[in-house]
Every structure is written in C-alpha cells, then in structure tokens.
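*Asks:* One structure, pasted below without further comment.
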Amino acid sequence: MSEQIGVAIRNAAAQFESISDSARLDAEVLLAECLQKSRSYLYSWPEKTLSEPDWLCFQDLIKQRMKPTPVAYLLGHREFYSLNFMTTPAALVPRPETELLVDLSLQLCAHLD
C-alpha cells in the first residue's frame with residue numbers, strides 16, 4: 001500500500017509527535033532520504049504517489065525512529081556548524097545548543113586577543 005507524499009508525511013509526523021519536538025521535520029527528512037530528493041521536492045509534489053520501494057523504505061525508517069533512534073543515526077550523517085559529519089551510535093549527535101556553545105566560545109576567544 002503506497003501513499004501520496006503529503007499524506008505520508010502527515011501520517012509519519014503524527015506518529016512522531018510523542019517522541020520528537022520536530023515531528024514534521026523528522027518525517028520530511030526521512031522521506032527525502034528514501035526518495036533521494038530534497039525537502040523542497042516534497043513540497044513541490046505532495047500529491048505524487050510513492051513507489052512501493054520508497055514507501056517500504058519510509059515505513060522501515062518510521063519503525064526505527066519510533067524506537068526512538070535519532071534521525072542522525074538513521075541517515076548516517078548530521079550537519080554541524082555548516083559541516084556534514086558522519087554519525088553512528090558510537091558518537092553523540094551534535095545538538096543545536098552545541099552550536100551556540102561554539103559561538104560563545106569563539107566570542108570569548110576573540111575578546112582574549
């Protein structure tokens with residue numbers, strides 16, 4: 001059973017609400033990964049029906065996300081400070097607050113000169 005892109009995102013986001021503060025973003029990123037497309041593609045083609053392999057890929061990622069496995073581990077990478085880092089369960093996933101700490105540290109270092 002396949003779904004349209006927009007419906008698939010809404011359904012996944014509803015499932016993620018209990019485990020994520022960014023449920024819709026999680027759904028979009030995971031579906032974009034399965035489709036090997038950008039998130040803007042999802043907005044451009046919400047009525048497009050997913051192929052069976054893409055739908056199955058998305059269902060698998062949804063199940064893993066609900067465990068809850070971090071999105072960065074499911075994708076195998078995460079952007080941090082405009083750099084793309086490989087991620088595995090052996091390393092902590094950078095959080096947005098970590099970028100703030102880097103910014104504050106850089107400001108402090110600039111004042112030491």
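Ordered as shown in the structure tokens, chains take letters A, B, and onward, while each chain numbers its residues from 1 and ligands are numbered from 1 in the order shown.
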Please list as a short mmCIF file (atom, residue, chain, number, x, y, z; two decimals) with N, CA and C atoms, in the first residue's frame every residue within 8 Å of range 9-24 of chain A, counting only C-alpha atoms and excluding residues in the same chain fewer than 2 positions away.
*Replies:*
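Once everything was written out, this is selection.cif:
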data_model
loop_
_atom_site.label_atom_id
_atom_site.label_comp_id
_atom_site.auth_asym_id
_atom_site.auth_seq_id
_atom_site.Cartn_x
_atom_site.Cartn_y
_atom_site.Cartn_z
N ILE A 5 2.86 11.65 -1.16
CA ILE A 5 3.92 12.25 -0.34
C ILE A 5 3.35 13.06 0.82
N GLY A 6 2.40 13.94 0.55
CA GLY A 6 1.83 14.78 1.60
C GLY A 6 1.16 13.98 2.70
N VAL A 7 0.43 12.95 2.31
CA VAL A 7 -0.26 12.08 3.28
C VAL A 7 0.76 11.30 4.10
N ASP A 26 11.30 15.68 11.07
CA ASP A 26 11.80 14.30 11.06
C ASP A 26 11.20 13.52 9.91
N ALA A 27 9.88 13.63 9.75
CA ALA A 27 9.18 12.89 8.68
C ALA A 27 9.68 13.33 7.31
N GLU A 28 9.82 14.64 7.12
CA GLU A 28 10.28 15.15 5.83
C GLU A 28 11.69 14.69 5.51
N LEU A 31 11.71 10.91 4.67
CA LEU A 31 11.13 10.61 3.36
C LEU A 31 12.05 11.12 2.24
N ILE A 62 10.45 4.83 9.69
CA ILE A 62 9.47 5.22 10.71
C ILE A 62 9.56 4.27 11.90
N ARG A 65 12.68 5.01 13.82
CA ARG A 65 12.59 6.30 14.52
C ARG A 65 11.73 6.17 15.77
N MET A 66 10.72 5.32 15.74
CA MET A 66 9.81 5.16 16.86
C MET A 66 10.44 4.41 18.03
N PRO A 68 13.09 5.04 20.24
CA PRO A 68 13.37 6.04 19.21
C PRO A 68 14.86 6.11 18.86
#
*Asks:* What's around Leu61 in chain A at 9 Å? Count only C-alpha atoms, leave out sequence neighbours fewer than 6 positions away in its own chain, and write the answer as an NGL selection string.
*Replies:* :A and (30-31 or 34 or 71 or 74)
*Asks:* Filtering to N, CA, C and O atoms, could you give me those residues as a PDB file, in the first residue's frame?
*Replies:*
ATOM      1  N   LEU A  30      13.343  12.094   6.643  1.00  0.00           N
ATOM      2  CA  LEU A  30      13.400  10.647   6.399  1.00  0.00           C
ATOM      3  C   LEU A  30      12.825  10.285   5.036  1.00  0.00           C
ATOM      4  O   LEU A  30      13.382   9.452   4.319  1.00  0.00           O
ATOM      5  N   LEU A  31      11.706  10.914   4.666  1.00  0.00           N
ATOM      6  CA  LEU A  31      11.130  10.612   3.356  1.00  0.00           C
ATOM      7  C   LEU A  31      12.047  11.122   2.244  1.00  0.00           C
ATOM      8  O   LEU A  31      12.246  10.420   1.238  1.00  0.00           O
ATOM      9  N   CYS A  34      14.677   8.574   1.624  1.00  0.00           N
ATOM     10  CA  CYS A  34      14.204   7.409   0.848  1.00  0.00           C
ATOM     11  C   CYS A  34      14.074   7.742  -0.633  1.00  0.00           C
ATOM     12  O   CYS A  34      14.381   6.907  -1.484  1.00  0.00           O
ATOM     13  N   VAL A  71      17.355  10.630  14.303  1.00  0.00           N
ATOM     14  CA  VAL A  71      17.356  10.785  12.846  1.00  0.00           C
ATOM     15  C   VAL A  71      18.788  10.762  12.301  1.00  0.00           C
ATOM     16  O   VAL A  71      19.053  10.157  11.270  1.00  0.00           O
ATOM     17  N   LEU A  74      19.873   7.308  11.747  1.00  0.00           N
ATOM     18  CA  LEU A  74      19.172   6.683  10.621  1.00  0.00           C
ATOM     19  C   LEU A  74      19.750   7.146   9.288  1.00  0.00           C
ATOM     20  O   LEU A  74      19.846   6.365   8.349  1.00  0.00           O
TER      21      LEU A  74
END
*Asks:* Find the residues around Pro89 in chain A up to 7 Å (only C-alpha atoms counted), leave out those fewer than 2 positions away in its own chain, and share them as a ChimeraX atom specification.
*Replies:* /A:73,87,91
*Asks:* Save the residues we just selected, all heavy atoms, as a short mmCIF file (atom, residue, chain, number, x, y, z; two decimals), in the first residue's frame?
*Replies:*
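See selection_8.cif below for the written result:
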data_model
loop_
_atom_site.label_atom_id
_atom_site.label_comp_id
_atom_site.auth_asym_id
_atom_site.auth_seq_id
_atom_site.Cartn_x
_atom_site.Cartn_y
_atom_site.Cartn_z
N TYR A 73 21.31 9.11 13.28
CA TYR A 73 21.79 7.73 13.17
C TYR A 73 21.14 7.02 12.00
O TYR A 73 21.77 6.22 11.31
CB TYR A 73 21.53 6.94 14.45
CG TYR A 73 22.30 7.41 15.66
CD1 TYR A 73 21.90 7.02 16.93
CD2 TYR A 73 23.43 8.21 15.55
CE1 TYR A 73 22.60 7.43 18.06
CE2 TYR A 73 24.13 8.63 16.67
CZ TYR A 73 23.72 8.24 17.91
OH TYR A 73 24.41 8.64 19.03
N THR A 87 27.64 10.10 11.28
CA THR A 87 27.16 9.77 12.61
C THR A 87 26.92 8.27 12.73
O THR A 87 26.48 7.63 11.80
CB THR A 87 25.84 10.50 12.94
OG1 THR A 87 24.88 10.21 11.93
CG2 THR A 87 26.03 11.99 13.03
N ALA A 91 28.93 7.62 18.59
CA ALA A 91 29.23 9.03 18.87
C ALA A 91 27.95 9.77 19.25
O ALA A 91 26.87 9.40 18.83
CB ALA A 91 29.84 9.68 17.65
#
*Asks:* Mind checking which residues fall within 7 Å of range 41-54 of chain A, counting only C-alpha atoms, ignoring those fewer than 3 positions away in the same chain, and posting them as a PDB file with C-alpha atoms, in the first residue's frame?
*Replies:*
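Once written, result11.pdb looks like this:
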ATOM      1  CA  SER A   2       1.537   3.298  -1.094  1.00  0.00           C
ATOM      2  CA  GLU A   3       0.554   6.829  -0.180  1.00  0.00           C
ATOM      3  CA  GLN A   4       0.922  10.287  -1.593  1.00  0.00           C
ATOM      4  CA  ILE A   5       3.919  12.254  -0.339  1.00  0.00           C
ATOM      5  CA  GLY A   6       1.830  14.778   1.603  1.00  0.00           C
ATOM      6  CA  CYS A  34      14.204   7.409   0.848  1.00  0.00           C
ATOM      7  CA  LEU A  35      13.402   9.356  -2.310  1.00  0.00           C
ATOM      8  CA  LYS A  37      15.367  14.152  -3.152  1.00  0.00           C
ATOM      9  CA  SER A  38      15.445  17.489  -1.358  1.00  0.00           C
ATOM     10  CA  CYS A  57      11.933   2.333   2.875  1.00  0.00           C
ATOM     11  CA  PHE A  58       9.953   5.078   4.621  1.00  0.00           C
TER      12      PHE A  58
END
*Asks:* To test your reading of the structure, identify every residue in chain A that backbone DSSP assigns to alpha helix (DSSP H), and report it as JSON, numbers by chain.
*Replies:* {"A": [5, 6, 7, 8, 9, 10, 11, 12, 13, 14, 15, 16, 23, 24, 25, 26, 27, 28, 29, 30, 31, 32, 33, 34, 35, 39, 40, 41, 42, 43, 44, 52, 53, 54, 55, 56, 57, 58, 59, 60, 61, 62, 63, 64, 65, 71, 72, 73, 74, 75, 96, 97, 98, 99, 100, 101, 102, 103, 104, 105, 106, 107, 108, 109, 110, 111, 112]}
